[in-house]
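K.L.:
Got a structure here, written out as structure tokens. Questions coming.
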Amino acid sequence: MIALDTNILVYAHRRDSEWHEPARARIGELAAGTAPWALPWPCVHEFLAIVTHPRIYEPPTPVDRALDQVAAWIESPAVVLLAEGPEYWTLATALIRDGRAAGPRVHDARVAALCLVHGIRELWTADRDFARFTALAVRNPLVPS
């Protein structure tokens with residue numbers, strides 16, 4: 001199963017992103033398909049915080065529009081929403097320590113732990129910081145491999 005990081009969601013949503021078209025197309029393929037794909041809840045929340053932030057985007061996405069976008073992704077019959085469960089904290093702690101995650105990278109460790117706990121095969125992201133979590137396969141689907 002493939003999971004999507006925040007930046008892929010932002011690029012797919014924001015038409016002013018240089019990566020909008022390829023990101024939108026890749027999410028569209030997942031959403032229209034029958035194979036399960038995943039959204040970590042922390043990435044959904046971070047997506048909302050970023051696209052509606054007036055210091056990041058001028059103009060920011062209106063909150064209702066951003067919420068509608070999330071609702072559309074969640075309506076995909078194949079989407080799986082990743083949340084913390086009983087095994088999460090032990091794995092997150094190990095990733096934070098082993099990956100020397102501090103500051104914003106703690107969020108990355110959280111996403112990586114959720115992916116690993118849920119058996120995610122690959123995280124799609126444009127964030128190279130995820131390379132520090134060697135147990136998780138990461139790929140940028142917006143550039144040729």
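Just so we're on the same page: first chain in the structure tokens is A, next is B, and so on; residues restart at 1 for each chain, and ligands are numbered from 1 in the order they show up.
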Which residues come within 6 Å of stretch 4-11 of chain A, counting only C-alpha atoms, excluding same-chain residues fewer than 3 positions away, as an MDAnalysis selection string?
P.N.:
chainID A and resid 14 17 19:20 23 39 43 47 123:125
K.L.:
With N, CA and C atoms retained, export the selected residues as a PDB file, in the first residue's frame.
P.N.:
```
ATOM      1  N   ARG A  14      -3.015  22.801  -4.657  1.00  0.00           N
ATOM      2  CA  ARG A  14      -2.713  24.196  -5.021  1.00  0.00           C
ATOM      3  C   ARG A  14      -2.350  24.307  -6.497  1.00  0.00           C
ATOM      4  N   SER A  17       1.098  25.629  -7.588  1.00  0.00           N
ATOM      5  CA  SER A  17       2.306  24.830  -7.391  1.00  0.00           C
ATOM      6  C   SER A  17       2.857  24.389  -8.740  1.00  0.00           C
ATOM      7  N   TRP A  19       4.265  21.769  -9.230  1.00  0.00           N
ATOM      8  CA  TRP A  19       4.059  20.319  -9.261  1.00  0.00           C
ATOM      9  C   TRP A  19       2.584  19.934  -9.257  1.00  0.00           C
ATOM     10  N   HIS A  20       1.703  20.918  -9.451  1.00  0.00           N
ATOM     11  CA  HIS A  20       0.262  20.656  -9.344  1.00  0.00           C
ATOM     12  C   HIS A  20      -0.209  19.537 -10.265  1.00  0.00           C
ATOM     13  N   ALA A  23       1.150  15.951  -9.442  1.00  0.00           N
ATOM     14  CA  ALA A  23       0.656  15.491  -8.141  1.00  0.00           C
ATOM     15  C   ALA A  23      -0.834  15.172  -8.224  1.00  0.00           C
ATOM     16  N   LEU A  39      -3.743   7.676   3.687  1.00  0.00           N
ATOM     17  CA  LEU A  39      -3.499   9.041   4.140  1.00  0.00           C
ATOM     18  C   LEU A  39      -3.243   9.001   5.647  1.00  0.00           C
ATOM     19  N   CYS A  43      -0.748  13.986   8.263  1.00  0.00           N
ATOM     20  CA  CYS A  43      -0.531  14.665   6.977  1.00  0.00           C
ATOM     21  C   CYS A  43      -1.780  15.425   6.547  1.00  0.00           C
ATOM     22  N   PHE A  47      -1.706  19.331   6.008  1.00  0.00           N
ATOM     23  CA  PHE A  47      -2.213  19.871   4.745  1.00  0.00           C
ATOM     24  C   PHE A  47      -3.148  21.046   5.017  1.00  0.00           C
ATOM     25  N   LEU A 123       6.116   5.313   0.966  1.00  0.00           N
ATOM     26  CA  LEU A 123       5.594   6.658   1.223  1.00  0.00           C
ATOM     27  C   LEU A 123       5.975   7.534   0.048  1.00  0.00           C
ATOM     28  N   TRP A 124       4.973   8.173  -0.538  1.00  0.00           N
ATOM     29  CA  TRP A 124       5.241   9.120  -1.616  1.00  0.00           C
ATOM     30  C   TRP A 124       5.439  10.489  -0.990  1.00  0.00           C
ATOM     31  N   THR A 125       6.595  11.079  -1.229  1.00  0.00           N
ATOM     32  CA  THR A 125       6.932  12.374  -0.654  1.00  0.00           C
ATOM     33  C   THR A 125       7.996  13.047  -1.502  1.00  0.00           C
TER      34      THR A 125
END
```
K.L.:
Excluding A:Asp64 and residues on its chain fewer than 6 positions from it, collect all residues at most 12 Å away from it, counting only C-alpha atoms, and give them as a ChimeraX atom specification.
P.N.:
/A:48,51-52,70-71
K.L.:
Separation of atom CA of A:Leu114 and atom CA of A:Leu30, in Å?
P.N.:
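Atom-to-atom, atom CA of A:Leu114 and atom CA of A:Leu30 are spaced 19.4 Å apart.
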K.L.:
Using DSSP assignments from the backbone, pull out every residue in stretch 23-104 of chain A that falls under alpha helix (DSSP H) and give it to me as a short mmCIF file (atom, residue, chain, number, x, y, z; two decimals) with C-alpha atoms, in the first residue's frame.
P.N.:
```cif
data_model
loop_
_atom_site.label_atom_id
_atom_site.label_comp_id
_atom_site.auth_asym_id
_atom_site.auth_seq_id
_atom_site.Cartn_x
_atom_site.Cartn_y
_atom_site.Cartn_z
CA ALA A 23 0.66 15.49 -8.14
CA ARG A 24 -3.03 15.82 -9.03
CA ALA A 25 -2.67 13.11 -11.66
CA ARG A 26 -0.92 10.68 -9.30
CA ILE A 27 -3.53 11.13 -6.55
CA GLY A 28 -6.27 10.83 -9.17
CA GLU A 29 -4.84 7.47 -10.27
CA LEU A 30 -4.83 6.22 -6.69
CA ALA A 31 -8.30 7.54 -5.90
CA ALA A 32 -9.83 6.05 -9.06
CA TRP A 41 -4.04 11.69 9.71
CA PRO A 42 -1.08 13.92 10.69
CA CYS A 43 -0.53 14.67 6.98
CA VAL A 44 -4.20 15.57 6.55
CA HIS A 45 -3.98 18.00 9.47
CA GLU A 46 -0.70 19.46 8.24
CA PHE A 47 -2.21 19.87 4.74
CA LEU A 48 -5.06 21.92 6.26
CA ALA A 49 -2.64 24.04 8.28
CA ILE A 50 -0.43 24.78 5.26
CA VAL A 51 -2.95 25.54 2.52
CA VAL A 63 -11.04 26.66 5.05
CA ASP A 64 -14.28 25.26 3.60
CA ARG A 65 -12.57 24.55 0.29
CA ALA A 66 -9.65 22.83 2.02
CA LEU A 67 -12.06 20.73 4.09
CA ASP A 68 -13.98 19.81 0.93
CA GLN A 69 -10.71 18.69 -0.66
CA VAL A 70 -9.97 16.38 2.27
CA ALA A 71 -13.53 15.05 2.15
CA ALA A 72 -13.09 14.24 -1.54
CA TRP A 73 -9.92 12.24 -0.86
CA ILE A 74 -11.55 10.43 2.05
CA TYR A 88 2.68 3.14 17.52
CA TRP A 89 4.49 4.71 20.49
CA THR A 90 7.21 2.06 20.75
CA LEU A 91 8.03 2.38 17.06
CA ALA A 92 7.80 6.19 17.04
CA THR A 93 10.18 6.40 19.99
CA ALA A 94 12.69 4.17 18.22
CA LEU A 95 12.47 6.18 14.98
CA ILE A 96 12.91 9.47 16.81
CA ARG A 97 15.98 8.16 18.61
CA ASP A 98 17.55 6.18 15.75
#
```
K.L.:
If I take atom CA of A:Arg121 and atom CA of A:Met1, how far is one from the other in Å, to one decimal?
P.N.:
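Taking atom CA of A:Arg121 as the start and atom CA of A:Met1 as the end point, the length is 5.2 Å.
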K.L.:
Within stretch 4-144 of chain A, find each residue whose DSSP state, derived from the backbone, is strand (DSSP E or B), and express the selection as a ChimeraX atom specification.
P.N.:
/A:4,37-40,79-82,122-124,138-139
K.L.:
Would you list the contacts of A:Thr34 as a PyMOL selection string, taking every protein, DNA or RNA residue within 10 Å and counting only C-alpha atoms, but skipping same-chain residues closer than 6 positions in sequence?
P.N.:
chain A and resi 76-79
K.L.:
Which neighbours of A:Val117 fall inside 10 Å, counting only C-alpha atoms, when residues of the same chain fewer than 2 positions from it are skipped, and could you give them as a count of residues only?
P.N.:
17
K.L.:
Expressed in Å to a single decimal, how great is the separation between atom CA of A:Trp37 and atom CA of A:Asp129?
P.N.:
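The value is 21.7 Å.
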